[in-house]
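Visitor: One structure, as structure tokens, below. Some questions next.
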Amino acid sequence: MPAATKRKSVYSVHPGVKMVQDWIEALPEKTGRSLEQWLSTIRKEGPKLADRAEGKGLEDSDPDAYLAAAEEYVEAQYAGKKSALRPLYDALLELGLSIAKDVRACPCKTMVPLYRNHVFAEIKPTTLTRVDLGLALENEKTPARLIDTGGFEKKDRITRRIPITSPSDIDAEVKRWLKTAYRMDA
């Protein structure tokens, strides 16, 4: 598709892509071989299951490949029996991205984390009838509606979740706590 007609993705490139790009760039200095040299060796001598040697798995180091995969990750999360959850996801994503200009959504295979400096929230289709909005709220005191994930004790970023089963669940309180998680990641 020509650059002028290429659709801009609502998603941002996952921070891990830059990490892998840096790793690939440092390979020659650290190992004496470039990635292409390593892949050539693997193709000749390595196991048949090496995806990278076959030109697959580029989404971890190529921004365009990641963005294409990101769209597919979300489509897969809300396919089949979970397709009824897509409007809830879309509303939560729109809300999350509206918090501030520096919010980025970087889909993974099972959820869509929202970043500022770090993950401050995540949108996850948890059951056939529920999407969970996970929030990085450390050990903040919260009302019973925000369910403790046990994350604080496990040193996970996401420490609370709000179950969303209908559009009416995405209310002012959800927006307030989402903004709180965003501010806490300053």
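Ligands are numbered from 1 in the order shown, chains are lettered A, B, ... in the order of the structure tokens, and residues start at 1 in each chain.
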Report the residues of region 2-142 of chain A whose backbone DSSP state falls under alpha helix (DSSP H), written as JSON, numbers by chain.
Guide: {"A": [15, 16, 17, 18, 19, 20, 21, 22, 23, 24, 25, 26, 27, 28, 29, 30, 31, 35, 36, 37, 38, 39, 40, 41, 42, 43, 44, 45, 63, 64, 65, 66, 67, 68, 69, 70, 71, 72, 73, 74, 75, 76, 77, 86, 87, 88, 89, 90, 91, 92, 93, 94, 95, 96, 97, 98]}
Visitor: Could you give me, as an NGL selection string, the residues within 8 Å of Thr159 (chain A), counting only C-alpha atoms and dropping anything in the same chain fewer than 6 positions from it?
Guide: :A and (134-139 or 148-152)
Visitor: Just C-alpha atoms for this one: save the residues we selected as an mmCIF file, in the first residue's frame.
Guide:
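Listed below is the output, out_26.cif:
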data_model
loop_
_atom_site.group_PDB
_atom_site.id
_atom_site.type_symbol
_atom_site.label_atom_id
_atom_site.label_comp_id
_atom_site.auth_asym_id
_atom_site.auth_seq_id
_atom_site.Cartn_x
_atom_site.Cartn_y
_atom_site.Cartn_z
ATOM 1 C CA GLY A 134 -6.767 -3.639 35.263
ATOM 2 C CA LEU A 135 -5.193 -0.631 36.966
ATOM 3 C CA ALA A 136 -1.726 0.047 38.374
ATOM 4 C CA LEU A 137 -2.749 1.601 41.674
ATOM 5 C CA GLU A 138 0.009 0.282 43.935
ATOM 6 C CA ASN A 139 -1.500 -0.138 47.423
ATOM 7 C CA ASP A 148 -7.639 -6.495 44.545
ATOM 8 C CA THR A 149 -5.651 -8.650 42.096
ATOM 9 C CA GLY A 150 -2.990 -9.557 44.647
ATOM 10 C CA GLY A 151 -0.582 -7.697 42.388
ATOM 11 C CA PHE A 152 0.866 -5.410 45.044
#
Visitor: Show me, as a Markdown table, the residues of region 102-153 of chain A having an atom within 10 Å of region 163-174 of chain A, each with the closest atom pair and its distance in Å, using only C-alpha atoms.
Guide:
| residue | atom | partner | partner_atom | distance |
| --- | --- | --- | --- | --- |
| A:Ile123 | CA | A:Ile164 | CA | 9.9 |
| A:Lys124 | CA | A:Pro163 | CA | 9.8 |
| A:Pro125 | CA | A:Ile164 | CA | 9.5 |
| A:Thr126 | CA | A:Pro163 | CA | 8.9 |
| A:Thr127 | CA | A:Thr165 | CA | 9.7 |
| A:Leu128 | CA | A:Thr165 | CA | 9.6 |
| A:Thr129 | CA | A:Thr165 | CA | 6.1 |
| A:Arg130 | CA | A:Thr165 | CA | 4.8 |
| A:Val131 | CA | A:Ile164 | CA | 5.2 |
| A:Asp132 | CA | A:Pro163 | CA | 4.7 |
| A:Leu133 | CA | A:Pro163 | CA | 6.5 |
| A:Gly134 | CA | A:Pro163 | CA | 8.7 |
| A:Arg145 | CA | A:Pro163 | CA | 8.2 |
| A:Leu146 | CA | A:Pro163 | CA | 8.1 |
| A:Ile147 | CA | A:Pro163 | CA | 8.2 |
Visitor: Taking only C-alpha atoms into account, which of A:Val20, A:Leu88, A:Ala105, A:Val112 comes nearest Asp62 (chain A)?
Guide: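 Of the candidates, the smallest distance to Asp62 (chain A) is held by A:Val20.
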Visitor: Enumerate the residues of region 107-184 of chain A with a DSSP assignment of strand (DSSP E or B), computed from the backbone, and present them as a JSON list (two decimals) with N, CA and C atoms, in the first residue's frame.
Guide:
[["chain", "number", "residue", "atom", "x", "y", "z"],
["A", 112, "VAL", "N", -4.59, -5.73, 26.13],
["A", 112, "VAL", "CA", -4.07, -4.49, 25.57],
["A", 112, "VAL", "C", -3.64, -3.59, 26.72],
["A", 113, "PRO", "N", -2.33, -3.49, 26.96],
["A", 113, "PRO", "CA", -1.85, -2.59, 28.00],
["A", 113, "PRO", "C", -1.86, -1.14, 27.51],
["A", 114, "LEU", "N", -2.11, -0.23, 28.43],
["A", 114, "LEU", "CA", -2.03, 1.21, 28.18],
["A", 114, "LEU", "C", -0.79, 1.73, 28.90],
["A", 115, "TYR", "N", 0.02, 2.47, 28.16],
["A", 115, "TYR", "CA", 1.29, 2.98, 28.69],
["A", 115, "TYR", "C", 1.28, 4.49, 28.79],
["A", 119, "VAL", "N", 3.23, 0.54, 32.08],
["A", 119, "VAL", "CA", 1.83, 0.13, 31.98],
["A", 119, "VAL", "C", 1.09, 0.72, 33.18],
["A", 120, "PHE", "N", 0.02, 1.46, 32.91],
["A", 120, "PHE", "CA", -0.79, 1.97, 34.01],
["A", 120, "PHE", "C", -2.18, 1.34, 34.01],
["A", 121, "ALA", "N", -2.54, 0.67, 32.91],
["A", 121, "ALA", "CA", -3.84, -0.01, 32.83],
["A", 121, "ALA", "C", -3.75, -1.08, 31.76],
["A", 122, "GLU", "N", -4.69, -2.03, 31.82],
["A", 122, "GLU", "CA", -4.77, -3.04, 30.77],
["A", 122, "GLU", "C", -6.22, -3.45, 30.58],
["A", 123, "ILE", "N", -6.55, -3.74, 29.33],
["A", 123, "ILE", "CA", -7.91, -4.15, 28.96],
["A", 123, "ILE", "C", -7.82, -5.61, 28.54],
["A", 124, "LYS", "N", -8.59, -6.46, 29.22],
["A", 124, "LYS", "CA", -8.46, -7.91, 28.99],
["A", 124, "LYS", "C", -9.83, -8.57, 28.94],
["A", 125, "PRO", "N", -10.11, -9.32, 27.85],
["A", 125, "PRO", "CA", -11.36, -10.09, 27.80],
["A", 125, "PRO", "C", -11.21, -11.33, 28.67],
["A", 131, "VAL", "N", -15.11, -8.04, 30.45],
["A", 131, "VAL", "CA", -13.80, -7.46, 30.17],
["A", 131, "VAL", "C", -13.32, -6.87, 31.49],
["A", 132, "ASP", "N", -12.07, -7.11, 31.84],
["A", 132, "ASP", "CA", -11.51, -6.51, 33.04],
["A", 132, "ASP", "C", -10.64, -5.32, 32.67],
["A", 133, "LEU", "N", -10.82, -4.22, 33.36],
["A", 133, "LEU", "CA", -9.93, -3.08, 33.25],
["A", 133, "LEU", "C", -9.00, -3.16, 34.45],
["A", 134, "GLY", "N", -7.76, -3.56, 34.20],
["A", 134, "GLY", "CA", -6.77, -3.64, 35.26],
["A", 134, "GLY", "C", -6.10, -2.29, 35.43],
["A", 135, "LEU", "N", -5.78, -1.93, 36.67],
["A", 135, "LEU", "CA", -5.19, -0.63, 36.97],
["A", 135, "LEU", "C", -3.96, -0.78, 37.85],
["A", 147, "ILE", "N", -11.46, -4.57, 42.48],
["A", 147, "ILE", "CA", -11.08, -5.84, 43.08],
["A", 147, "ILE", "C", -9.56, -5.95, 43.16],
["A", 148, "ASP", "N", -9.07, -6.31, 44.33],
["A", 148, "ASP", "CA", -7.64, -6.49, 44.54],
["A", 148, "ASP", "C", -7.18, -7.71, 43.75],
["A", 160, "ARG", "N", -5.34, -3.67, 40.85],
["A", 160, "ARG", "CA", -6.80, -3.67, 40.98],
["A", 160, "ARG", "C", -7.40, -3.93, 39.60],
["A", 161, "ARG", "N", -8.63, -4.44, 39.60],
["A", 161, "ARG", "CA", -9.35, -4.61, 38.35],
["A", 161, "ARG", "C", -10.80, -4.23, 38.57],
["A", 162, "ILE", "N", -11.39, -3.70, 37.50],
["A", 162, "ILE", "CA", -12.81, -3.36, 37.53],
["A", 162, "ILE", "C", -13.48, -4.24, 36.48],
["A", 163, "PRO", "N", -14.40, -5.11, 36.91],
["A", 163, "PRO", "CA", -15.11, -5.94, 35.93],
["A", 163, "PRO", "C", -16.12, -5.08, 35.14],
["A", 164, "ILE", "N", -16.09, -5.23, 33.82],
["A", 164, "ILE", "CA", -16.98, -4.48, 32.94],
["A", 164, "ILE", "C", -17.82, -5.49, 32.16]]
Visitor: Skip Glu75 (chain A) itself and residues of its chain fewer than 3 positions away, then list as a PDB file with N, CA and C atoms, in the first residue's frame all residues within 12 Å of it, counting only C-alpha atoms.
Guide:
ATOM      1  N   ALA A  68       0.969  -4.487  12.524  1.00  0.00           N
ATOM      2  CA  ALA A  68       0.083  -5.412  11.805  1.00  0.00           C
ATOM      3  C   ALA A  68      -0.346  -6.540  12.739  1.00  0.00           C
ATOM      4  N   ALA A  69       0.606  -7.063  13.504  1.00  0.00           N
ATOM      5  CA  ALA A  69       0.283  -8.135  14.453  1.00  0.00           C
ATOM      6  C   ALA A  69      -0.654  -7.625  15.552  1.00  0.00           C
ATOM      7  N   ALA A  70      -0.462  -6.381  15.995  1.00  0.00           N
ATOM      8  CA  ALA A  70      -1.289  -5.810  17.061  1.00  0.00           C
ATOM      9  C   ALA A  70      -2.761  -5.827  16.665  1.00  0.00           C
ATOM     10  N   GLU A  71      -3.030  -5.428  15.429  1.00  0.00           N
ATOM     11  CA  GLU A  71      -4.414  -5.450  14.938  1.00  0.00           C
ATOM     12  C   GLU A  71      -4.961  -6.879  14.993  1.00  0.00           C
ATOM     13  N   GLU A  72      -4.141  -7.846  14.588  1.00  0.00           N
ATOM     14  CA  GLU A  72      -4.562  -9.254  14.600  1.00  0.00           C
ATOM     15  C   GLU A  72      -4.764  -9.761  16.022  1.00  0.00           C
ATOM     16  N   TYR A  78     -11.189 -10.786  20.475  1.00  0.00           N
ATOM     17  CA  TYR A  78     -12.628 -10.526  20.465  1.00  0.00           C
ATOM     18  C   TYR A  78     -13.325 -11.262  19.325  1.00  0.00           C
ATOM     19  N   ALA A  79     -12.828 -12.434  19.004  1.00  0.00           N
ATOM     20  CA  ALA A  79     -13.426 -13.255  17.949  1.00  0.00           C
ATOM     21  C   ALA A  79     -14.344 -14.309  18.567  1.00  0.00           C
ATOM     22  N   GLY A  80     -15.151 -14.913  17.736  1.00  0.00           N
ATOM     23  CA  GLY A  80     -15.991 -16.030  18.163  1.00  0.00           C
ATOM     24  C   GLY A  80     -16.919 -15.675  19.293  1.00  0.00           C
ATOM     25  N   LYS A  82     -16.408 -14.410  22.074  1.00  0.00           N
ATOM     26  CA  LYS A  82     -16.122 -13.150  22.775  1.00  0.00           C
ATOM     27  C   LYS A  82     -16.414 -11.923  21.924  1.00  0.00           C
ATOM     28  N   SER A  83     -16.989 -12.122  20.747  1.00  0.00           N
ATOM     29  CA  SER A  83     -17.237 -10.982  19.857  1.00  0.00           C
ATOM     30  C   SER A  83     -18.207  -9.967  20.467  1.00  0.00           C
ATOM     31  N   LEU A  85     -18.096  -8.834  23.299  1.00  0.00           N
ATOM     32  CA  LEU A  85     -17.344  -7.967  24.207  1.00  0.00           C
ATOM     33  C   LEU A  85     -16.641  -6.817  23.473  1.00  0.00           C
ATOM     34  N   ARG A  86     -16.589  -6.878  22.150  1.00  0.00           N
ATOM     35  CA  ARG A  86     -15.823  -5.877  21.381  1.00  0.00           C
ATOM     36  C   ARG A  86     -16.295  -4.446  21.643  1.00  0.00           C
ATOM     37  N   TYR A  89     -14.660  -3.305  24.814  1.00  0.00           N
ATOM     38  CA  TYR A  89     -13.239  -3.043  24.567  1.00  0.00           C
ATOM     39  C   TYR A  89     -13.063  -1.699  23.863  1.00  0.00           C
ATOM     40  N   ASP A  90     -13.820  -1.492  22.787  1.00  0.00           N
ATOM     41  CA  ASP A  90     -13.687  -0.257  22.017  1.00  0.00           C
ATOM     42  C   ASP A  90     -13.939   0.968  22.885  1.00  0.00           C
ATOM     43  N   PRO A 107      -1.047  -3.558  22.006  1.00  0.00           N
ATOM     44  CA  PRO A 107      -1.634  -4.885  22.192  1.00  0.00           C
ATOM     45  C   PRO A 107      -0.625  -6.028  22.288  1.00  0.00           C
ATOM     46  N   CYS A 108      -0.977  -6.978  23.128  1.00  0.00           N
ATOM     47  CA  CYS A 108      -0.289  -8.258  23.244  1.00  0.00           C
ATOM     48  C   CYS A 108      -1.304  -9.321  22.815  1.00  0.00           C
ATOM     49  N   LYS A 109      -0.938 -10.576  22.873  1.00  0.00           N
ATOM     50  CA  LYS A 109      -1.854 -11.623  22.417  1.00  0.00           C
ATOM     51  C   LYS A 109      -3.083 -11.776  23.304  1.00  0.00           C
ATOM     52  N   THR A 110      -2.984 -11.497  24.602  1.00  0.00           N
ATOM     53  CA  THR A 110      -4.101 -11.757  25.511  1.00  0.00           C
ATOM     54  C   THR A 110      -4.741 -10.511  26.107  1.00  0.00           C
ATOM     55  N   MET A 111      -4.134  -9.333  25.913  1.00  0.00           N
ATOM     56  CA  MET A 111      -4.652  -8.107  26.510  1.00  0.00           C
ATOM     57  C   MET A 111      -4.062  -6.907  25.804  1.00  0.00           C
ATOM     58  N   VAL A 112      -4.591  -5.728  26.132  1.00  0.00           N
ATOM     59  CA  VAL A 112      -4.067  -4.490  25.568  1.00  0.00           C
ATOM     60  C   VAL A 112      -3.642  -3.586  26.719  1.00  0.00           C
ATOM     61  N   PRO A 125     -10.108  -9.320  27.848  1.00  0.00           N
ATOM     62  CA  PRO A 125     -11.362 -10.085  27.804  1.00  0.00           C
ATOM     63  C   PRO A 125     -11.206 -11.334  28.674  1.00  0.00           C
TER      64      PRO A 125
END
